[in-house]
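Structure record follows, encoded as structure tokens.
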Amino acid sequence: MVYYDSDGVEQFQPAEVVIMACNGVGTPRLLLNSASGRFPDGLANSSGLVGKNLMFHPWALVNGYVDEPMDGHRGPPLCLWSQEFYETDRSRGFVRGYNFQFNRSIGICTEAVYTEAAGLVPWGEGHHDAFRGLVGHRMSVGICTEDLPEEHNRVTLDPNLKDLHGIPAPRIDYTIGENTNRMLDFAIDRGKEILAAAGARHVNITRPVVYGGWHLLGTARMGNDPERSVVNSWGRSHDVKNLFIVDGSIFVTSGGVNPTCTIQALALYIADSIKQRLATLFD
Amino acid sequence: MNEQTLTEAEIADLRCLAGMIIPPSAKYGVPGADDDTIFSDIVSSIGRDRDDVCAALATLHALAGGPLAALGAARRGEVAARLRAEGGSPVSVLTRVVLLCYYRDDRVMVSLGLEARPPFPKGHELEQGDWSLLDPVRARKPFWRPAS
């Protein structure tokens with residue numbers, strides 16, 4: 001393996017096995033930047049799928065305010081999850097599903113910023129009465145959708161932008177897909193029903209949440225078919241038999257939850273697979 | 001240190017605006033955001049938001065046609081309302097800095113019935129909820145796919 005050290009000096013590191021863990025943007029960037037005469041389209045990219053099928057798990061929030069004190073500033077605000085709508089039910093108009101995450105208010109500083117930005121709290125004389133009627137009373141329904149692979153959502157190499165070593169930077173192209181948007185529509189309606197049943201007022205929607213839900217997934221997908229995937233079912237590159245990937249890029253859908261535990265589980269599974277196959281690892 | 005990155009005129013406008021965003025309240029016994037201690041915190045906390053704050057203050061200065069404090073109360077109110085409506089992202093950033101510093105002031109926290117301390121490391125003791133609410137959930141059949 002060849003890399004540049006912190007002084008910009010090229011270094012060579014021999015290795016029997018290379019295991020990548022740079023996640024959904026770093027991994028395809030590194031593979032695409034590793035093009036050579038033998039791998040002209042980038043390392044491990046005979047399928048042409050390295051960098052494609054970028055997924056996140058877009059979030060939405062349905063917020064409302066109830067009369068009861070929610071007390072969230074004294075403990076973890078996240079208090080309940082529901083996966084009632086996690087599995088596919090085609091009568092809903094989309095495939096796969098989402099995770100509901102219920103939050104019982106947040107700290108006063110964050111609440112102050114949120115309520116002001118949402119136009120619920122005025123500047124000036126009315127500020128104190130308005131804010132004190134809301135702080136500590138927010139009930140929030142978070143929606144974490146399962147994103148699906150679409151090849152136009154992708155990581156490529158930016159033709160102009162480079163890092164300080166002159167190595168091309170990643171370029172990200174992504175739009176929220178039709179299935180995910182239908183899922184958000186459905187989930188937001190259910191969230192509104194929940195808040196209405198709880199007697200919430202000032203119900204407002206954040207869609208998508210700009211500060212969360214953007215874990216980087218899917219750009220070196222796992223699969224049995226070398227023409228439709230980058231790594232096999234135990235994380236080994238189809239093209240380069242001593243190259244393994246153990247990060248979020250090998251996801252085939254995003255999952256409707258935060259992905260770190262799954263990434264850790266996959267890394268342990270792939271490490272165990274390597275260990276079990278030592279005698280035939282490169283076959 | 002950050003104080004040096006704002007001009008005296010910018011600091012004066014920022015202080016006047018902060019007091020308009022959150023004025024003092026005799027009803028709740030709290031200072032405004034232009035209070036000496038809170039405003040000092042605001043100025044020293046601008047940090048990475050300096051460019052946005054300065055952009056917002058430049059818009060404010062243009063709308064006011066001069067120092068905000070030099071205007072009459074009614075005109076100041078008009079300028080502030082227009083700034084909030086038209087100032088865009090830089091004004092949102094400025095407002096965030098003001099709010100964050102205001103609501104971490106000990107006097108304000110106490111007035112809201114909170115202890116004037118961070119949640120950690122002491123933490124809080126919470127009362128148990130009614131766990132029987134989950135009994136129907138526990139009793140129903142699984143709706144998820146079994147692991148294969």
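So you can find residues: chains in the structure tokens are A, B, ... in the order shown, residues in each start at 1, and ligands are numbered from 1 in order.
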
Got a sec to pull out which chain A residues are within 10 Å of chain B, counting only C-alpha atoms, and send them as a count of residues only?
30

Let's see if you can do this: from backbone DSSP, list all strand (DSSP E) residues in range 62-240 of chain A, as a compact mmCIF listing (two decimals) with N, CA and C atoms, in the first residue's frame.
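To be explicit, this is the file written out as result_24.txt:
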```
# COMPACT_ATOMS: atom_id res chain seq x y z
N VAL A 62 -41.63 15.65 14.02
CA VAL A 62 -42.95 16.25 14.25
C VAL A 62 -42.94 16.70 15.70
N ASN A 63 -43.00 18.01 15.90
CA ASN A 63 -42.90 18.57 17.25
C ASN A 63 -44.22 19.15 17.68
N GLY A 64 -44.51 19.05 18.96
CA GLY A 64 -45.67 19.71 19.53
C GLY A 64 -45.42 19.99 21.00
N TYR A 65 -46.32 20.74 21.60
CA TYR A 65 -46.14 21.13 23.00
C TYR A 65 -47.39 20.74 23.78
N LEU A 78 -34.37 11.09 24.81
CA LEU A 78 -34.89 9.97 24.02
C LEU A 78 -35.46 8.93 24.96
N CYS A 79 -36.75 8.64 24.84
CA CYS A 79 -37.35 7.76 25.84
C CYS A 79 -38.09 6.55 25.25
N LEU A 80 -38.48 6.58 24.01
CA LEU A 80 -39.21 5.44 23.45
C LEU A 80 -38.86 5.27 21.98
N TRP A 81 -38.83 4.04 21.54
CA TRP A 81 -38.71 3.75 20.12
C TRP A 81 -39.90 2.90 19.72
N SER A 82 -40.29 3.00 18.48
CA SER A 82 -41.31 2.10 17.94
C SER A 82 -40.90 1.68 16.54
N TYR A 98 -39.76 2.67 8.63
CA TYR A 98 -39.04 3.68 9.41
C TYR A 98 -39.17 3.38 10.90
N ASN A 99 -38.32 4.04 11.64
CA ASN A 99 -38.28 3.91 13.08
C ASN A 99 -38.80 5.20 13.69
N PHE A 100 -39.72 5.09 14.65
CA PHE A 100 -40.16 6.25 15.41
C PHE A 100 -39.28 6.40 16.65
N GLN A 101 -38.87 7.60 16.91
CA GLN A 101 -38.06 7.86 18.10
C GLN A 101 -38.71 9.02 18.85
N PHE A 102 -39.11 8.78 20.08
CA PHE A 102 -39.86 9.79 20.84
C PHE A 102 -38.93 10.50 21.83
N ASN A 103 -38.98 11.81 21.79
CA ASN A 103 -38.17 12.62 22.69
C ASN A 103 -39.07 13.45 23.59
N ARG A 104 -38.70 13.53 24.85
CA ARG A 104 -39.52 14.28 25.81
C ARG A 104 -38.82 15.58 26.19
N ARG A 138 -42.09 20.27 25.28
CA ARG A 138 -42.06 19.76 23.92
C ARG A 138 -42.12 18.23 23.89
N MET A 139 -42.96 17.71 23.02
CA MET A 139 -42.98 16.28 22.72
C MET A 139 -42.59 16.15 21.26
N SER A 140 -41.60 15.35 20.98
CA SER A 140 -41.05 15.30 19.64
C SER A 140 -41.08 13.87 19.12
N VAL A 141 -41.62 13.70 17.94
CA VAL A 141 -41.63 12.39 17.28
C VAL A 141 -40.61 12.43 16.16
N GLY A 142 -39.51 11.69 16.34
CA GLY A 142 -38.48 11.61 15.32
C GLY A 142 -38.77 10.47 14.37
N ILE A 143 -38.47 10.66 13.11
CA ILE A 143 -38.72 9.66 12.07
C ILE A 143 -37.40 9.35 11.37
N CYS A 144 -36.96 8.11 11.46
CA CYS A 144 -35.71 7.71 10.83
C CYS A 144 -36.04 6.73 9.71
N THR A 145 -35.93 7.16 8.47
CA THR A 145 -36.37 6.35 7.34
C THR A 145 -35.26 5.42 6.85
N ARG A 154 -24.53 9.29 -5.49
CA ARG A 154 -23.18 8.73 -5.64
C ARG A 154 -22.08 9.64 -5.11
N VAL A 155 -20.94 9.00 -4.89
CA VAL A 155 -19.69 9.70 -4.57
C VAL A 155 -18.76 9.53 -5.77
N THR A 156 -18.28 10.63 -6.30
CA THR A 156 -17.30 10.59 -7.38
C THR A 156 -16.11 11.45 -6.96
N LEU A 157 -15.12 11.52 -7.81
CA LEU A 157 -13.98 12.38 -7.53
C LEU A 157 -14.22 13.75 -8.13
N ASP A 158 -14.05 14.77 -7.32
CA ASP A 158 -14.27 16.13 -7.82
C ASP A 158 -13.19 16.48 -8.85
N PRO A 159 -13.59 16.97 -10.02
CA PRO A 159 -12.58 17.26 -11.05
C PRO A 159 -11.68 18.44 -10.71
N ASN A 160 -12.09 19.26 -9.76
CA ASN A 160 -11.30 20.45 -9.45
C ASN A 160 -10.78 20.49 -8.01
N LEU A 161 -11.62 20.15 -7.09
CA LEU A 161 -11.25 20.30 -5.67
C LEU A 161 -10.27 19.21 -5.24
N LYS A 162 -9.19 19.62 -4.59
CA LYS A 162 -8.18 18.67 -4.10
C LYS A 162 -7.85 18.98 -2.65
N PRO A 168 -7.51 14.28 -5.32
CA PRO A 168 -8.89 14.70 -5.58
C PRO A 168 -9.82 14.44 -4.41
N ALA A 169 -10.65 15.44 -4.14
CA ALA A 169 -11.63 15.36 -3.06
C ALA A 169 -12.89 14.66 -3.55
N PRO A 170 -13.70 14.14 -2.62
CA PRO A 170 -14.96 13.52 -3.06
C PRO A 170 -16.00 14.56 -3.44
N ARG A 171 -16.81 14.20 -4.40
CA ARG A 171 -17.97 15.01 -4.77
C ARG A 171 -19.20 14.16 -4.49
N ILE A 172 -20.20 14.75 -3.87
CA ILE A 172 -21.40 14.01 -3.48
C ILE A 172 -22.60 14.52 -4.26
N ASP A 173 -23.29 13.61 -4.92
CA ASP A 173 -24.56 13.93 -5.57
C ASP A 173 -25.65 13.08 -4.91
N ARG A 201 -50.15 21.12 21.04
CA ARG A 201 -50.45 22.34 20.28
C ARG A 201 -49.16 22.80 19.61
N HIS A 202 -49.27 23.82 18.78
CA HIS A 202 -48.11 24.34 18.04
C HIS A 202 -47.38 23.23 17.29
N VAL A 203 -48.12 22.31 16.69
CA VAL A 203 -47.48 21.20 15.98
C VAL A 203 -46.75 21.75 14.75
N ASN A 204 -45.51 21.37 14.61
CA ASN A 204 -44.71 21.85 13.47
C ASN A 204 -43.79 20.74 12.99
N ILE A 205 -43.41 20.84 11.74
CA ILE A 205 -42.67 19.77 11.07
C ILE A 205 -41.28 20.27 10.68
N THR A 206 -40.28 19.43 10.89
CA THR A 206 -38.95 19.68 10.34
C THR A 206 -38.65 18.55 9.37
```

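Relative to CA of Arg107 in chain B, CA of Gly119 in chain A is found at 25.1 Å.
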
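Excluding range 40-50 of chain B itself and same-chain residues fewer than 2 positions from it, the residues having an atom within 9 Å of it are Met1, Asn2, Glu3, Thr5, Leu6, Ile11, Leu14, Ala33, Asp34, Asp35, Asp36, Thr37, Ile38, Asp52, Val53, Cys54, Ala55, Pro90, Val93, Leu94, Val97, Val98, Leu99, Leu100, Cys101 and Tyr102 of chain B, counting only C-alpha atoms.
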
I'd like the contact shell of Glu150 in chain A - 10 Å cut-off, only C-alpha atoms, skipping same-chain residues fewer than 2 positions apart - returned as a PyMOL selection string.
chain A and resi 52-55+147-148+152-154+174-177+218+253

Among the residues of range 128-274 of chain A, find those DSSP assigns to helix (DSSP H, G or I) from the backbone and print them as a count of residues only.
43

Skipping near chain neighbours, those fewer than 2 positions away, what residues fall within 9 Å of Pro14 in chain A using only C-alpha atoms, listed as a ChimeraX atom specification?
/A:1-2,12,16
